[in-house]
There are 2 protein chains.
Amino acid sequence: MPVHLHSPAPESLLSIAGVRIGTTQAGIRKAGRRDLTVFLLDPGASVAGVFTQNRFCAAPVQVCREHLAGDQRIRALLINTGNANAGTGAQGFADARASCAALASALQVDPQSVLPYSTGVIMEPLPVHRLVAGLPAAIANAHTEPAATQWFNAAQGIMTTDTVPKAFSATVTLGEKTARISGISKGAGMIRPNMATMLGFIATDANISQAALQVLAREVAEASFNRITVDGDTSTNDSLTLIASNQLGNPQIDAWEGESALALRAAMIGVARQLAQAIVRDGEGATKFITVQVDGGRDAAECRQAAYAIAHSPLVKTAFFASDPNLGRILAAVGYAGIADLDQTRIALYLDDVQVVSGGGRKPSYREEDGQRVMRQAEITVRVDLGRGTESDTVWTCDFSHEYVTINADYRS
Amino acid sequence: MPVHLHSPAPESLLSIAGVRIGTTQAGIRKAGRRDLTVFLLDPGASVAGVFTQNRFCAAPVQVCREHLAGDQRIRALLINTGNANAGTGAQGFADARASCAALASALQVDPQSVLPYSTGVIMEPLPVHRLVAGLPAAIANAHTEPAATQWFNAAQGIMTTDTVPKAFSATVTLGEKTARISGISKGAGMIRPNMATMLGFIATDANISQAALQVLAREVAEASFNRITVDGDTSTNDSLTLIASNQLGNPQIDAWEGESALALRAAMIGVARQLAQAIVRDGEGATKFITVQVDGGRDAAECRQAAYAIAHSPLVKTAFFASDPNLGRILAAVGYAGIADLDQTRIALYLDDVQVVSGGGRKPSYREEDGQRVMRQAEITVRVDLGRGTESDTVWTCDFSHEYVTINADYRS
C-alpha cells in the first residue's frame, strides 16, 4: 500500500516536443505486461546522465557511460524491465551492445547514439532475442500512440515491484516561453541510490546546452534521488537521465545563473524530488513516509551520515511500522553513525512538533501519548538536533514491515 | 527458533574458584523472571573490559569505564536486565552510581570497585528502588546457590529477547595445572557490536596480570563479538568483561607468549566465539546461521567491509530466509561495500562447495538446483573471492524473517 501516492491521471502528464515514447509487451520476463520502452529523440537534443556508484554496475550502465562520453548525439533510449543484465559478465556487454545495434538499425542511426537501460532480476542472461523482436512494435507505438498517454505508458512500462506508476509534470516560465517538464521513475526495493535512482527519466522541451545539462543532472540527483533510501541496498543499475529536446525556442541555457535558468533548475529539481519521494512512498512494504531531518551539524555530511543511520536502522524502521514511540532506537542510531566526537548531552529529538529528547535524555515534559499520536500518522518528520553547528541535511525513507519480508522472500518465485 | 543452539546443561558449566554468582527476581521490568545478577569476586582478581563505540553509550557503560580506570580492584559486578539505563541523561548516571553504592555498602567495599551493567529498553528511567531492594536476595543467593548452577542461572538472569540462555565452559592445561573458563552472553537484536557484544562475561581461575588481561579483552572481542551482526544496529550498552580470579596457582601470565599463555588465549577466544555465535544463532527471528567469508582482499579491513555489506543487506537476508539462491543480491552488496577500485570481473562467489560466480558473472556450469540445495540448509557459508590479494576476514550473521519484524514491532508493547 503506497503512502499517499496515487497513479497519475494520464492527462496530467505533458508531452514534450521532440520526445516520442513507445511501449510494448515483449515477454521479457512475464507475459501480459508492458516491459519494453523506447524514447525516440529528434536530432539536436541534449542528454545527460548520472549512474550508480555500485562497483558491480550492470552492463547497460557501462554502455550508457561510454555512449554519453562519445561524440554522437543521443537519438534513442531503450529500456527493458524484468531483467537487469547485471552480474552477467562479458555476455552481458555483448547483449547490451546488440540491443543498441538493433534499435539503431531500425532507426537508421549510429549504435553509439542509443542508451540502454535494464532493470529487474540480477544474474540472469538478458533475453536479447525477445527484446529485439519487440522493437518494431515499440517503435510503431511511439508513432501511433497519442502523445497524451505516452508518458503514462512509459511509467507503467518500466515498473518492477512498483505498485504504482510514477510520473509528474510541471511547467515553468522562461521569459516569453513556457517550458514543459515531464519525468518518470521506478524502483521500490534495492533503493539507496548513490548518484541516481534505479531508473529516472526527466525531459524538458527547453534549450539547454549539453554541458549545462550534465551539470544539472548531478545537482538534480543530489537534491532528490541521492536523498532517499528504502533498504540501504544500492542497486547495480541506478540511472538518472535528463533530456532537453531544445525545441522551445528559448535562448539556450549554458550556465545555471539568471532568472530563467534558476527557475528551470528549481522546477527540474521539484519534479525529480516528487519522483524520488514517490519511490519511497511506494517502497516495498511501506506503510509510512518518513522525513529524517538532521540539524545542528558542523557540516552537511555529518548530518547526512546521522540521517542515513536512522533511516537504515531495522529497529527504527520496525518501530515506525508498529507506531511505537520506542525512540531510544533513534538515539542509538545517531550514536553509531560514526560522528567521532559527538557529545550526547547536546542532542535533541523531535517527532513533528513534539520534543522528545533534550540534553541527550528524555525531556521531562514529554508524554508518551504525544509521541504515540505522531507515530500513528502516515507521514512523520523526525528531527534531530546535534547541537554542534548550523548545517542540516534531509533524507526520505519508509518503514519496515512484514510485507517487505514477504515481497523479498518471494520476488523471484 | 534458534539455529542449532540448545539451552546448556547446567552441569556442563564449570564453577570458577573466587567467583560467586547470585541472581534474583527484582521485578525491574516484568514479574516472575530473574532480572538481577551479581558477580562477587574474591580479593585479588584481575578484571578487564571493552565497551561499545556507540557515542550515545549508556550511563552504566561510562561508569564501568571510570571504575576500571580507577585504582580500586574490582570486587563485584551488578547486572540488571529489563532496562538499559541509556538515553537517561544526568539522572541515568546518578542511578548507576546509586546502584553501585548500594551493592558496595552491602558488601563493605568501595563503590568504585563495583561495575554496573544494564540491558533492556532504552530511554526509560532505571527503577533504582526495585533494583536496590533486590540486592540482599541476590547476594544471599550467591552464597547459598550450589556453585554448579550459578553460571546457568546467570545466563538466564541477563536475557532480554533471547530465547535460549547462552553459556559455555572449557578447560585448558597450563603446565601442571588445568585452568577453567566459563562465560555467558546475551543479545538477540540491536546486534552489531563495535568492540563487544551487548553483554558478555568470561571468567577463568588462571592467574593473569591486569595489564595482560586488558590486552586479551581487546583481542578476544576482535576475534568473536566484533565479528557478528544481526541487524547492523550497534547497541548503546555493549560490554565484554573478562575476569581472572587468579586462584589457580599457575605462574602469573604477564604477556601473551609461551605455550601456556597461548593455549589459554586460544581457549578464551574459543569460548568467546561460541558465545558470540550463540547470539547470532538466537538472533531475533533467525532461521539460518550464515558465515560470510571474504578472501582475496588486499587487506583484512576491505574483506570485513565487504562481509558486513553482505551481512547487513536486507535483500540478502530475506533471500536466505526464503532459501532463494537470488545471489545477484550478494554481488550487488559487494559492489556497494565501498571498495573504490574493485574490479568486478575478478570476483568469485561460492555457497559452501558450490561455485556460483566466476569472473564476475554466473559460472557456466552452475546449476540453480545446486544453489538451492545449499540455501535450504540451516547453516551456510558464503564465500566471496575478491581476486585482488591474499587477505581474508569472516563475519557471522543470520537471516531476516517475518519473526524479526514481529519481535521488533511488538518488543515494548
# chains A, B, ... in the order shown; residues from 1 in each chain; ligands from 1

$ interface_residues --of "chain B" --to "chain A" --cutoff "7 Å" --atoms "only C-alpha atoms" --output "MDAnalysis selection string"
chainID B and resid 54:56 87:89 122:123 231 233:236 313:315 318:319 321:322 328 331:333 335:336 342 344 360:362 401:402 405 408:409

$ select_by_dssp --residues "segment 215-297 of chain B" --states "helix (DSSP H, G or I)" --output "PyMOL selection string"
chain B and resi 215-223+225-227+259-281

$ closest_atom_pairs --of "segment 58-165 of chain A" --to "segment 196-208 of chain A" --cutoff "9 Å" --atoms "only C-alpha atoms" --output "Markdown table"
| residue | atom | partner | partner_atom | distance |
| --- | --- | --- | --- | --- |
| A:Tyr117 | CA | A:Leu199 | CA | 8.0 |
| A:Ser118 | CA | A:Leu199 | CA | 8.7 |
| A:Thr119 | CA | A:Met198 | CA | 7.6 |
| A:Ile158 | CA | A:Leu199 | CA | 8.1 |

$ write_last_selection --atoms "N, CA and C atoms" --output "PDB file, in the first residue's frame"
ATOM      1  N   TYR A 117      19.048   0.690 -20.992  1.00  0.00           N
ATOM      2  CA  TYR A 117      18.711   0.629 -19.553  1.00  0.00           C
ATOM      3  C   TYR A 117      18.001  -0.690 -19.285  1.00  0.00           C
ATOM      4  N   SER A 118      18.413  -1.362 -18.202  1.00  0.00           N
ATOM      5  CA  SER A 118      17.757  -2.618 -17.842  1.00  0.00           C
ATOM      6  C   SER A 118      17.463  -2.611 -16.348  1.00  0.00           C
ATOM      7  N   THR A 119      16.353  -3.189 -15.949  1.00  0.00           N
ATOM      8  CA  THR A 119      16.046  -3.310 -14.530  1.00  0.00           C
ATOM      9  C   THR A 119      15.250  -4.584 -14.310  1.00  0.00           C
ATOM     10  N   ILE A 158       8.190   0.699 -17.183  1.00  0.00           N
ATOM     11  CA  ILE A 158       9.477   0.498 -16.518  1.00  0.00           C
ATOM     12  C   ILE A 158       9.325  -0.048 -15.095  1.00  0.00           C
TER      13      ILE A 158
END

$ select_by_dssp --residues "segment 196-289 of chain A" --states "strand (DSSP E)" --output "list in words"
Leu199, Gly200, Phe201, Ile202, Ala203, Thr204, Ile228, Thr229, Ser239, Leu240, Thr241, Leu242, Ile243, Ala244 and Phe289 of chain A

$ write_last_selection --atoms "N, CA and C atoms" --output "PDB file, in the first residue's frame"
ATOM      1  N   LEU A 199      15.853   3.829 -11.898  1.00  0.00           N
ATOM      2  CA  LEU A 199      15.677   4.435 -13.214  1.00  0.00           C
ATOM      3  C   LEU A 199      14.853   5.700 -13.060  1.00  0.00           C
ATOM      4  N   GLY A 200      15.354   6.772 -13.585  1.00  0.00           N
ATOM      5  CA  GLY A 200      14.598   8.022 -13.626  1.00  0.00           C
ATOM      6  C   GLY A 200      14.897   8.718 -14.936  1.00  0.00           C
ATOM      7  N   PHE A 201      13.843   9.229 -15.555  1.00  0.00           N
ATOM      8  CA  PHE A 201      13.993   9.942 -16.832  1.00  0.00           C
ATOM      9  C   PHE A 201      13.198  11.236 -16.728  1.00  0.00           C
ATOM     10  N   ILE A 202      13.832  12.353 -16.998  1.00  0.00           N
ATOM     11  CA  ILE A 202      13.141  13.641 -16.944  1.00  0.00           C
ATOM     12  C   ILE A 202      13.479  14.395 -18.225  1.00  0.00           C
ATOM     13  N   ALA A 203      12.454  14.864 -18.906  1.00  0.00           N
ATOM     14  CA  ALA A 203      12.674  15.575 -20.173  1.00  0.00           C
ATOM     15  C   ALA A 203      12.054  16.957 -20.108  1.00  0.00           C
ATOM     16  N   THR A 204      12.660  17.869 -20.815  1.00  0.00           N
ATOM     17  CA  THR A 204      12.079  19.214 -20.991  1.00  0.00           C
ATOM     18  C   THR A 204      12.247  19.613 -22.443  1.00  0.00           C
ATOM     19  N   ILE A 228      17.190   9.554  -0.849  1.00  0.00           N
ATOM     20  CA  ILE A 228      16.156   8.601  -0.450  1.00  0.00           C
ATOM     21  C   ILE A 228      16.780   7.238  -0.167  1.00  0.00           C
ATOM     22  N   THR A 229      16.113   6.454   0.679  1.00  0.00           N
ATOM     23  CA  THR A 229      16.551   5.092   0.931  1.00  0.00           C
ATOM     24  C   THR A 229      15.341   4.270   1.320  1.00  0.00           C
ATOM     25  N   SER A 239      20.153   4.742 -12.547  1.00  0.00           N
ATOM     26  CA  SER A 239      20.417   5.688 -13.633  1.00  0.00           C
ATOM     27  C   SER A 239      19.406   6.809 -13.585  1.00  0.00           C
ATOM     28  N   LEU A 240      19.890   8.011 -13.711  1.00  0.00           N
ATOM     29  CA  LEU A 240      19.004   9.171 -13.895  1.00  0.00           C
ATOM     30  C   LEU A 240      19.420   9.836 -15.189  1.00  0.00           C
ATOM     31  N   THR A 241      18.477  10.050 -16.061  1.00  0.00           N
ATOM     32  CA  THR A 241      18.784  10.640 -17.364  1.00  0.00           C
ATOM     33  C   THR A 241      17.940  11.892 -17.568  1.00  0.00           C
ATOM     34  N   LEU A 242      18.587  12.965 -17.950  1.00  0.00           N
ATOM     35  CA  LEU A 242      17.882  14.201 -18.294  1.00  0.00           C
ATOM     36  C   LEU A 242      17.957  14.415 -19.799  1.00  0.00           C
ATOM     37  N   ILE A 243      16.847  14.853 -20.333  1.00  0.00           N
ATOM     38  CA  ILE A 243      16.767  15.127 -21.767  1.00  0.00           C
ATOM     39  C   ILE A 243      16.272  16.561 -21.960  1.00  0.00           C
ATOM     40  N   ALA A 244      16.961  17.311 -22.762  1.00  0.00           N
ATOM     41  CA  ALA A 244      16.442  18.618 -23.190  1.00  0.00           C
ATOM     42  C   ALA A 244      16.264  18.532 -24.695  1.00  0.00           C
ATOM     43  N   PHE A 289       5.636   7.237   5.411  1.00  0.00           N
ATOM     44  CA  PHE A 289       6.620   8.042   4.688  1.00  0.00           C
ATOM     45  C   PHE A 289       7.315   8.918   5.720  1.00  0.00           C
TER      46      PHE A 289
END

$ residues_around --residues "Thr161 of chain A" --least-positions-apart "4" --cutoff "8 Å" --atoms "only C-alpha atoms" --output "list in words"
Gly187, Ala188, Gly189 and Glu284 of chain A

$ write_last_selection --atoms "N, CA and C atoms" --output "short mmCIF file (atom, residue, chain, number, x, y, z; two decimals), in the first residue's frame"
data_model
loop_
_atom_site.label_atom_id
_atom_site.label_comp_id
_atom_site.auth_asym_id
_atom_site.auth_seq_id
_atom_site.Cartn_x
_atom_site.Cartn_y
_atom_site.Cartn_z
N GLY A 187 11.17 1.98 -9.07
CA GLY A 187 12.01 1.46 -8.01
C GLY A 187 11.18 1.33 -6.75
N ALA A 188 11.42 0.26 -6.00
CA ALA A 188 10.69 0.04 -4.75
C ALA A 188 11.57 -0.68 -3.74
N GLY A 189 12.50 -1.47 -4.22
CA GLY A 189 13.44 -2.16 -3.35
C GLY A 189 14.83 -2.02 -3.94
N GLU A 284 8.99 -0.99 -0.93
CA GLU A 284 8.46 -2.33 -0.70
C GLU A 284 7.91 -2.45 0.72
#

$ residues_around --residues "segment 134-142 of chain A" --least-positions-apart "2" --cutoff "7 Å" --atoms "only C-alpha atoms" --output "compact mmCIF listing (two decimals) with C-alpha atoms, in the first residue's frame"
# COMPACT_ATOMS: atom_id res chain seq x y z
CA ARG A 20 8.29 10.33 -28.64
CA ILE A 21 7.81 7.31 -26.41
CA GLY A 22 6.65 3.85 -27.39
CA THR A 23 5.99 0.80 -25.24
CA THR A 24 5.14 -2.82 -25.90
CA ALA A 26 8.00 -8.16 -25.30
CA THR A 37 10.04 1.15 -23.74
CA VAL A 38 11.78 3.29 -26.35
CA LEU A 103 17.35 -0.31 -32.32
CA ARG A 130 12.72 -11.35 -27.26
CA LEU A 131 13.86 -7.79 -26.69
CA VAL A 132 14.88 -7.32 -30.33
CA THR A 144 0.85 5.95 -33.28
CA GLU A 145 0.09 6.28 -29.55

$ closest_residue --among "B:Val63, B:Val47, B:Leu13, B:Leu386" --to "Ala300 of chain B" --atoms "only C-alpha atoms"
B:Leu386

$ residues_around --residues "Lys288 of chain A" --least-positions-apart "2" --cutoff "12 Å" --atoms "only C-alpha atoms" --output "ChimeraX atom specification"
/A:1-5,230,277,280-286,290-291,317-323,374-381,396-401

$ closest_residue --among "B:Asn153, B:Thr394, B:Ser105, B:Gln355" --to "Ala223 of chain B" --atoms "only C-alpha atoms"
B:Thr394

$ residues_around --residues "segment 167-170 of chain B" --least-positions-apart "3" --cutoff "9 Å" --atoms "only C-alpha atoms" --output "list in words"
Ser7, Pro8, Ser12, Leu13, Leu14, Ser15, Trp151, Phe152, Ala154, Ala155, Ala179, Arg180, Ile181, Ser182, Gly183, Ile184, Ser185, Ala267, Met268, Gly270, Val271, Ala272, Gln274, Leu275 and Ala278 of chain B

$ residues_around --residues "Tyr350 of chain B" --least-positions-apart "2" --cutoff "7 Å" --atoms "only C-alpha atoms" --output "MDAnalysis selection string"
chainID B and resid 348 352:356 382:384
